[in-house]
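Asker: Next comes protein-v8.txt, compact mmCIF, C-alpha atoms:
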```txt
# COMPACT_ATOMS: atom_id res chain seq x y z
CA MET A 1 72.03 -95.29 -68.48
CA GLU A 2 72.25 -96.54 -64.98
CA ASN A 3 69.14 -97.02 -62.96
CA ALA A 4 68.37 -94.01 -60.78
CA SER A 5 67.80 -96.31 -57.82
CA SER A 6 71.35 -97.62 -58.09
CA LEU A 7 72.76 -94.09 -58.06
CA CYS A 8 70.94 -93.06 -54.91
CA SER A 9 71.87 -95.39 -52.07
CA VAL A 10 69.38 -95.41 -49.26
CA VAL A 11 70.89 -94.07 -46.00
CA SER A 12 69.04 -94.34 -42.71
CA PRO A 13 68.86 -91.26 -40.41
CA GLU A 14 71.03 -93.07 -37.84
CA GLU A 15 73.75 -93.82 -40.42
CA TYR A 16 73.57 -90.26 -41.72
CA GLU A 17 74.04 -88.89 -38.19
CA LEU A 18 76.98 -91.18 -37.51
CA LYS A 19 78.69 -90.27 -40.77
CA ASN A 20 78.27 -86.57 -40.18
CA CYS A 21 79.41 -86.85 -36.56
CA ASP A 22 82.52 -88.77 -37.56
CA SER A 23 83.44 -86.14 -40.13
CA CYS A 24 82.60 -83.18 -37.87
CA PRO A 25 85.79 -81.54 -36.61
CA THR A 26 84.02 -80.03 -33.56
CA ASN A 27 82.68 -83.32 -32.17
CA ASP A 28 85.53 -83.83 -29.70
CA GLY A 29 85.24 -80.23 -28.56
CA LEU A 30 81.55 -80.64 -27.73
CA VAL A 31 82.31 -83.74 -25.69
CA ASP A 32 84.95 -81.85 -23.75
CA VAL A 33 82.56 -78.95 -23.07
CA PHE A 34 79.80 -81.18 -21.76
CA GLY A 35 82.31 -83.11 -19.72
CA ASP A 36 83.52 -79.91 -18.10
CA LEU A 37 79.91 -78.89 -17.31
CA ALA A 38 79.19 -82.26 -15.73
CA ALA A 39 82.26 -81.89 -13.52
CA LEU A 40 81.07 -78.57 -12.07
CA PRO A 41 79.98 -78.80 -8.40
CA VAL A 42 76.22 -78.67 -7.90
CA GLU A 43 75.02 -76.07 -5.43
CA VAL A 44 72.34 -77.63 -3.26
CA GLU A 45 69.86 -75.00 -2.11
CA GLU A 46 69.15 -75.20 1.60
CA ARG A 47 65.50 -76.01 2.19
CA ARG A 48 63.51 -74.87 5.18
CA PRO A 49 62.47 -77.60 7.64
CA THR A 50 59.10 -79.11 6.81
CA CYS A 51 56.24 -79.21 9.28
CA LEU A 52 55.42 -82.81 10.16
CA ARG A 53 51.70 -81.98 10.37
CA CYS A 54 50.88 -79.96 7.26
CA ARG A 55 54.01 -80.87 5.21
CA ARG A 56 54.60 -77.21 4.38
CA PRO A 57 57.87 -75.32 4.96
CA GLN A 58 58.23 -74.10 8.51
CA LYS A 59 58.68 -70.45 9.32
CA PRO A 60 59.15 -70.29 13.09
CA LEU A 61 58.69 -67.00 14.89
CA GLU A 62 62.08 -65.91 16.19
CA VAL A 63 61.89 -64.70 19.82
CA SER A 64 64.43 -64.39 22.61
CA THR A 65 61.86 -64.84 25.40
CA CYS A 66 61.34 -68.37 26.73
CA LEU A 67 57.84 -69.42 27.80
CA TYR A 68 57.04 -71.94 30.53
CA VAL A 69 53.38 -72.98 30.41
CA VAL A 70 52.35 -74.64 33.66
CA GLN A 71 49.27 -76.61 32.61
CA HIS A 72 46.52 -78.03 34.80
CA PRO A 73 45.99 -81.76 33.98
CA ALA A 74 42.34 -81.11 33.06
CA GLU A 75 43.47 -79.04 30.07
CA GLU A 76 45.06 -82.11 28.44
CA SER A 77 41.65 -83.71 27.88
CA ARG A 78 40.14 -80.66 26.17
CA VAL A 79 39.77 -81.05 22.42
CA LEU A 80 40.11 -77.37 21.54
CA ARG A 81 43.17 -75.96 23.27
CA THR A 82 45.32 -72.97 22.46
CA VAL A 83 48.66 -74.14 23.88
CA PRO A 84 49.38 -76.60 21.00
CA LEU A 85 48.85 -73.73 18.56
CA LEU A 86 51.24 -71.57 20.57
CA ALA A 87 53.92 -74.27 20.70
CA ALA A 88 53.63 -74.89 16.93
CA CYS A 89 54.28 -71.20 16.18
CA LEU A 90 57.43 -70.86 18.30
CA PRO A 91 60.90 -72.36 17.83
CA GLN A 92 61.73 -75.55 19.68
CA GLY A 93 62.61 -74.87 23.29
CA LYS A 94 60.81 -71.52 23.42
CA CYS A 95 57.50 -72.95 24.64
CA ASN A 96 57.92 -75.51 27.41
CA VAL A 97 54.73 -77.16 28.71
CA ILE A 98 54.81 -78.68 32.21
CA VAL A 99 51.67 -80.53 33.34
CA GLY A 100 50.68 -80.84 36.99
CA ARG A 101 48.97 -79.33 40.03
CA ARG A 102 51.75 -79.27 42.60
CA PHE A 103 55.37 -78.44 41.87
CA ASN A 104 58.45 -78.66 44.05
CA GLU A 105 62.20 -78.47 43.62
CA GLU A 106 62.72 -82.21 44.06
CA LYS A 107 60.39 -83.26 41.25
CA HIS A 108 60.78 -80.18 39.04
CA PRO A 109 64.37 -78.89 39.46
CA GLU A 110 64.40 -77.11 36.09
CA LEU A 111 61.19 -75.19 36.82
CA ALA A 112 62.47 -74.35 40.31
CA ALA A 113 65.68 -72.94 38.80
CA VAL A 114 63.62 -70.86 36.37
CA CYS A 115 61.50 -69.49 39.23
CA ARG A 116 64.65 -68.43 41.12
CA ASP A 117 66.09 -66.69 38.06
CA GLU A 118 65.85 -62.90 38.41
CA LYS A 119 65.02 -62.65 34.70
CA THR A 120 61.84 -64.69 35.17
CA LEU A 121 58.36 -63.13 35.21
CA ILE A 122 55.09 -64.85 36.10
CA LEU A 123 51.97 -63.67 34.34
CA TYR A 124 49.25 -63.57 36.96
CA PRO A 125 46.93 -60.64 37.85
CA GLY A 126 46.70 -59.38 41.40
CA PRO A 127 47.39 -56.43 43.70
CA LYS A 128 51.13 -57.17 43.66
CA SER A 129 51.33 -57.39 39.88
CA GLN A 130 53.19 -54.79 37.84
CA ASN A 131 51.98 -53.64 34.46
CA LEU A 132 54.21 -55.43 31.95
CA GLU A 133 54.23 -52.54 29.48
CA GLU A 134 55.28 -50.07 32.19
CA LEU A 135 57.99 -52.47 33.35
CA VAL A 136 59.40 -52.64 29.84
CA ARG A 137 59.11 -48.89 29.40
CA HIS A 138 61.04 -48.03 32.57
CA ARG A 139 63.65 -50.75 32.38
CA GLU A 140 66.27 -51.32 29.72
CA ILE A 141 65.55 -54.97 28.99
CA ASP A 142 66.47 -55.10 25.31
CA THR A 143 69.52 -57.25 26.02
CA VAL A 144 67.87 -59.43 28.67
CA LYS A 145 66.41 -62.76 27.66
CA HIS A 146 63.37 -63.19 29.87
CA ASN A 147 61.52 -66.27 31.02
CA VAL A 148 57.75 -65.98 31.34
CA ILE A 149 55.64 -68.43 33.35
CA ILE A 150 51.97 -68.73 32.34
CA ILE A 151 49.43 -70.85 34.23
CA ASP A 152 47.11 -72.69 31.82
CA GLY A 153 43.71 -73.69 33.15
CA THR A 154 40.36 -72.20 34.16
CA TRP A 155 40.53 -69.12 36.35
CA SER A 156 39.71 -71.13 39.48
CA GLN A 157 42.33 -73.76 38.58
CA ALA A 158 44.95 -71.08 37.89
CA LYS A 159 44.21 -69.37 41.20
CA ASN A 160 44.50 -72.62 43.10
CA MET A 161 47.78 -73.52 41.41
CA PHE A 162 49.27 -70.08 42.05
CA LEU A 163 48.34 -69.99 45.73
CA LYS A 164 49.42 -73.56 46.55
CA ASN A 165 52.82 -73.53 44.82
CA SER A 166 55.25 -71.37 46.77
CA MET A 167 57.83 -71.39 43.96
CA PHE A 168 55.42 -69.35 41.81
CA HIS A 169 55.72 -66.50 44.32
CA LEU A 170 59.45 -66.10 43.66
CA PRO A 171 59.41 -64.44 40.20
CA SER A 172 58.28 -60.87 39.60
CA GLN A 173 54.51 -60.89 39.13
CA VAL A 174 53.18 -59.04 36.07
CA GLN A 175 49.82 -58.52 34.38
CA LEU A 176 48.55 -57.24 31.05
CA ASN A 177 46.70 -53.94 31.00
CA ARG A 178 46.33 -53.78 27.24
CA THR A 179 42.69 -53.62 26.12
CA LEU A 180 42.13 -56.60 23.86
CA SER A 181 38.91 -58.44 23.14
CA SER A 182 39.41 -62.22 23.13
CA GLN A 183 39.31 -63.93 19.74
CA TYR A 184 38.71 -67.30 21.41
CA VAL A 185 34.97 -67.03 20.83
CA ILE A 186 34.22 -70.77 20.97
CA ARG A 187 34.91 -70.95 24.72
CA THR A 188 33.21 -68.95 27.48
CA GLN A 189 35.37 -66.45 29.36
CA PRO A 190 34.44 -64.98 32.77
CA SER A 191 34.68 -61.37 31.62
CA ASN A 192 35.22 -59.36 28.46
CA ILE A 193 38.86 -58.62 29.30
CA CYS A 194 39.86 -62.25 29.97
CA LEU A 195 42.11 -63.85 27.38
CA SER A 196 43.10 -67.38 26.42
CA THR A 197 46.57 -68.70 27.22
CA LEU A 198 47.71 -68.18 23.62
CA GLU A 199 46.45 -64.59 23.61
CA CYS A 200 48.17 -63.84 26.93
CA ALA A 201 51.42 -65.25 25.58
CA ALA A 202 51.03 -63.32 22.31
CA VAL A 203 50.55 -59.99 24.09
CA ALA A 204 53.39 -60.66 26.53
CA LEU A 205 55.81 -61.63 23.75
CA SER A 206 54.88 -58.62 21.61
CA VAL A 207 55.55 -56.34 24.60
CA LEU A 208 58.83 -57.95 25.68
CA GLU A 209 60.15 -58.33 22.13
CA LYS A 210 58.83 -54.85 21.19
CA ASN A 211 57.28 -56.28 18.04
CA ASP A 212 53.53 -55.94 17.46
CA GLN A 213 53.75 -58.29 14.48
CA ILE A 214 54.19 -61.18 16.93
CA LEU A 215 50.67 -60.61 18.21
CA GLU A 216 49.26 -60.72 14.68
CA VAL A 217 51.17 -63.88 13.74
CA LEU A 218 50.19 -65.80 16.89
CA LEU A 219 46.52 -64.83 16.70
CA ARG A 220 46.20 -65.95 13.07
CA PRO A 221 45.91 -69.72 13.77
CA LEU A 222 43.52 -69.06 16.67
CA LYS A 223 41.21 -67.06 14.42
CA ALA A 224 41.40 -69.82 11.79
CA LEU A 225 40.51 -72.46 14.39
CA CYS A 226 37.49 -70.50 15.63
CA SER A 227 36.35 -69.71 12.08
CA PHE A 228 36.51 -73.39 11.09
CA GLN A 229 34.57 -74.47 14.18
CA LEU A 230 31.87 -71.83 13.62
CA GLN A 231 31.46 -72.95 10.01
CA HIS A 232 30.86 -76.51 11.22
CA GLY A 233 28.23 -75.97 13.88
CA ALA A 234 30.00 -74.32 16.81
CA GLN A 235 28.32 -71.34 18.50
CA ILE A 236 29.83 -68.04 19.61
CA HIS A 237 30.31 -68.03 23.38
CA HIS A 238 29.83 -64.64 25.02
CA SER A 239 31.54 -63.97 28.34
CA LYS A 240 29.61 -64.36 31.59
CA GLU A 241 29.97 -60.61 32.04
CA HIS A 242 28.27 -59.97 28.69
CA LEU A 243 25.47 -62.44 29.46
CA LEU A 244 24.81 -60.97 32.89
CA ARG A 245 24.86 -57.37 31.70
CA ASN A 246 22.40 -58.11 28.91
CA GLY A 247 20.05 -60.38 30.83
CA MET A 248 21.06 -63.42 28.77
CA TYR A 249 22.45 -65.60 31.57
CA ASP A 250 20.12 -68.62 31.55
CA LYS A 251 21.82 -70.79 34.15
CA PRO A 252 20.69 -71.00 37.81
CA MET A 253 22.38 -68.39 39.97
CA PRO A 254 24.88 -69.83 42.47
CA LYS A 255 23.89 -70.18 46.10
CA ASN A 256 27.42 -69.66 47.39
CA LYS A 257 27.75 -66.05 48.64
CA ARG A 258 31.31 -65.72 47.40
CA LYS A 259 30.29 -66.79 43.90
CA ILE A 260 27.31 -64.42 43.95
CA LYS A 261 29.57 -61.55 44.99
CA ARG A 262 32.01 -62.44 42.24
CA MET A 263 29.24 -62.41 39.63
CA GLU A 264 27.99 -59.05 40.93
CA LYS A 265 31.49 -57.65 40.42
CA LEU A 266 31.39 -58.78 36.80
CA ILE A 267 28.44 -56.43 36.29
CA THR A 268 29.55 -53.45 38.40
CA ASP A 269 33.32 -53.39 37.87
CA HIS A 270 34.44 -52.80 34.27
CA ASN A 271 38.03 -53.71 35.10
CA ILE A 272 37.39 -56.85 37.09
CA CYS A 273 39.52 -59.86 36.32
CA PRO A 274 39.17 -63.12 38.24
CA ARG A 275 41.70 -63.57 41.00
```
For the structure just supplied, provide its representation as structure tokens.

Answerer:
Amino acid sequence: MENASSLCSVVSPEEYELKNCDSCPTNDGLVDVFGDLAALPVEVEERRPTCLRCRRPQKPLEVSTCLYVVQHPAEESRVLRTVPLLAACLPQGKCNVIVGRRFNEEKHPELAAVCRDEKTLILYPGPKSQNLEELVRHREIDTVKHNVIIIDGTWSQAKNMFLKNSMFHLPSQVQLNRTLSSQYVIRTQPSNICLSTLECAAVALSVLEKNDQILEVLLRPLKALCSFQLQHGAQIHHSKEHLLRNGMYDKPMPKNKRKIKRMEKLITDHNICPR
């Protein structure tokens, strides 16, 4: 009787697999199938552009209106500004920031051309200003792509820039009559109805584009900024109007009669807005 070990030859798993594969009639078919699959074109899914700051996919707010923010040089040195937030929320080319105090056609031909364009509006309150919402309501502007000029600076800086740049008197002058309390609570405003540059732009865009969601989207980063600052030591800044009305204004009263009169108007006139 032969030894059992001589009857059972030891076969390694690799040899067993090779033997079975060689004898398998479907082996060539499987190779052909996988070869056909490998030859299929790969569909590359288009990815949204990535934000260079936060590395998350971008989702720009689509608008037809083009903003031109004319910024006082002093605003560049401020740490907490709203214009960078505004520019980050809008598509490239829809928020153009031009820094300076004086503007003329020789040095700023593009801005001069925008000011001469009949589709351009300048957002600045005053006796000659039209209510933007009424303008939209009475005109069919759905198909018109507007330009909006916004002066970025303190109220005194904005007034000075508007008065001393004749090209800013060319566009139709509009103002916002919508009641909105400013969310920019980490910076003092003159009155309760004064808004930051981002908030003015958000309201104007929502009116011109007839889309209230724009206001919500643009205010979201501003609220986040203020919330973060308040959590890390910043204080809520009430408007001068609020401080004066409630006896909380602790700074020395101005000696200049014009400034005193202006502060008195903040208390007596509920609709006052700095000119």

Asker: Compile a residue-level contact table for region 76-145 of chain A against region 181-204 of chain A at a cut-off of 8 Å, reporting for every qualifying residue the shortest atom pair and its distance in Å to one decimal, with only C-alpha atoms counted, rows ordered by chain and ascending number, as a Markdown table.

Answerer:
```
| residue | atom | partner | partner_atom | distance |
| --- | --- | --- | --- | --- |
| A:Thr82 | CA | A:Leu198 | CA | 5.5 |
| A:Val83 | CA | A:Leu198 | CA | 6.0 |
| A:Leu85 | CA | A:Leu198 | CA | 7.6 |
| A:Leu86 | CA | A:Leu198 | CA | 5.8 |
| A:Leu132 | CA | A:Ala204 | CA | 7.6 |
```

Asker: Kindly export the residues of the current selection with C-alpha atoms, as a CSV table (one decimal), in the frame of the given file.

Answerer:
```
chain,number,residue,atom,x,y,z
A,82,THR,CA,45.3,-73.0,22.5
A,83,VAL,CA,48.7,-74.1,23.9
A,85,LEU,CA,48.8,-73.7,18.6
A,86,LEU,CA,51.2,-71.6,20.6
A,132,LEU,CA,54.2,-55.4,32.0
```

Asker: Smallest atom-to-atom distance to His72 (chain A): which of A:Ile151, A:Cys115, A:Ile214, A:Val136, using only C-alpha atoms?

Answerer: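 Checking each of A:Ile151, A:Cys115, A:Ile214, A:Val136 against His72 (chain A), counting only C-alpha atoms, the winner is A:Ile151.
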
Asker: Which value, in Å to one decimal, gives the distance between CA of Arg101 (chain A) and CA of His146 (chain A)?

Answerer: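 One can read the CA of Arg101 (chain A) to CA of His146 (chain A) distance as 23.9 Å.
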
Asker: Please provide the set of residues having any atom within 7 Å of Gly100 (chain A), restricted to all atoms listed in the file, with same-chain residues fewer than 2 positions apart removed, written as a list in words.

Answerer: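 So, after excluding close chain neighbours, the residues are Gln71, His72, Pro73, Ile98 and Arg102 of chain A.
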
Asker: Please, what distance in Å, to one decimal, runs between CA of Cys66 (chain A) and CA of Glu110 (chain A)?

Answerer: 13.2 Å
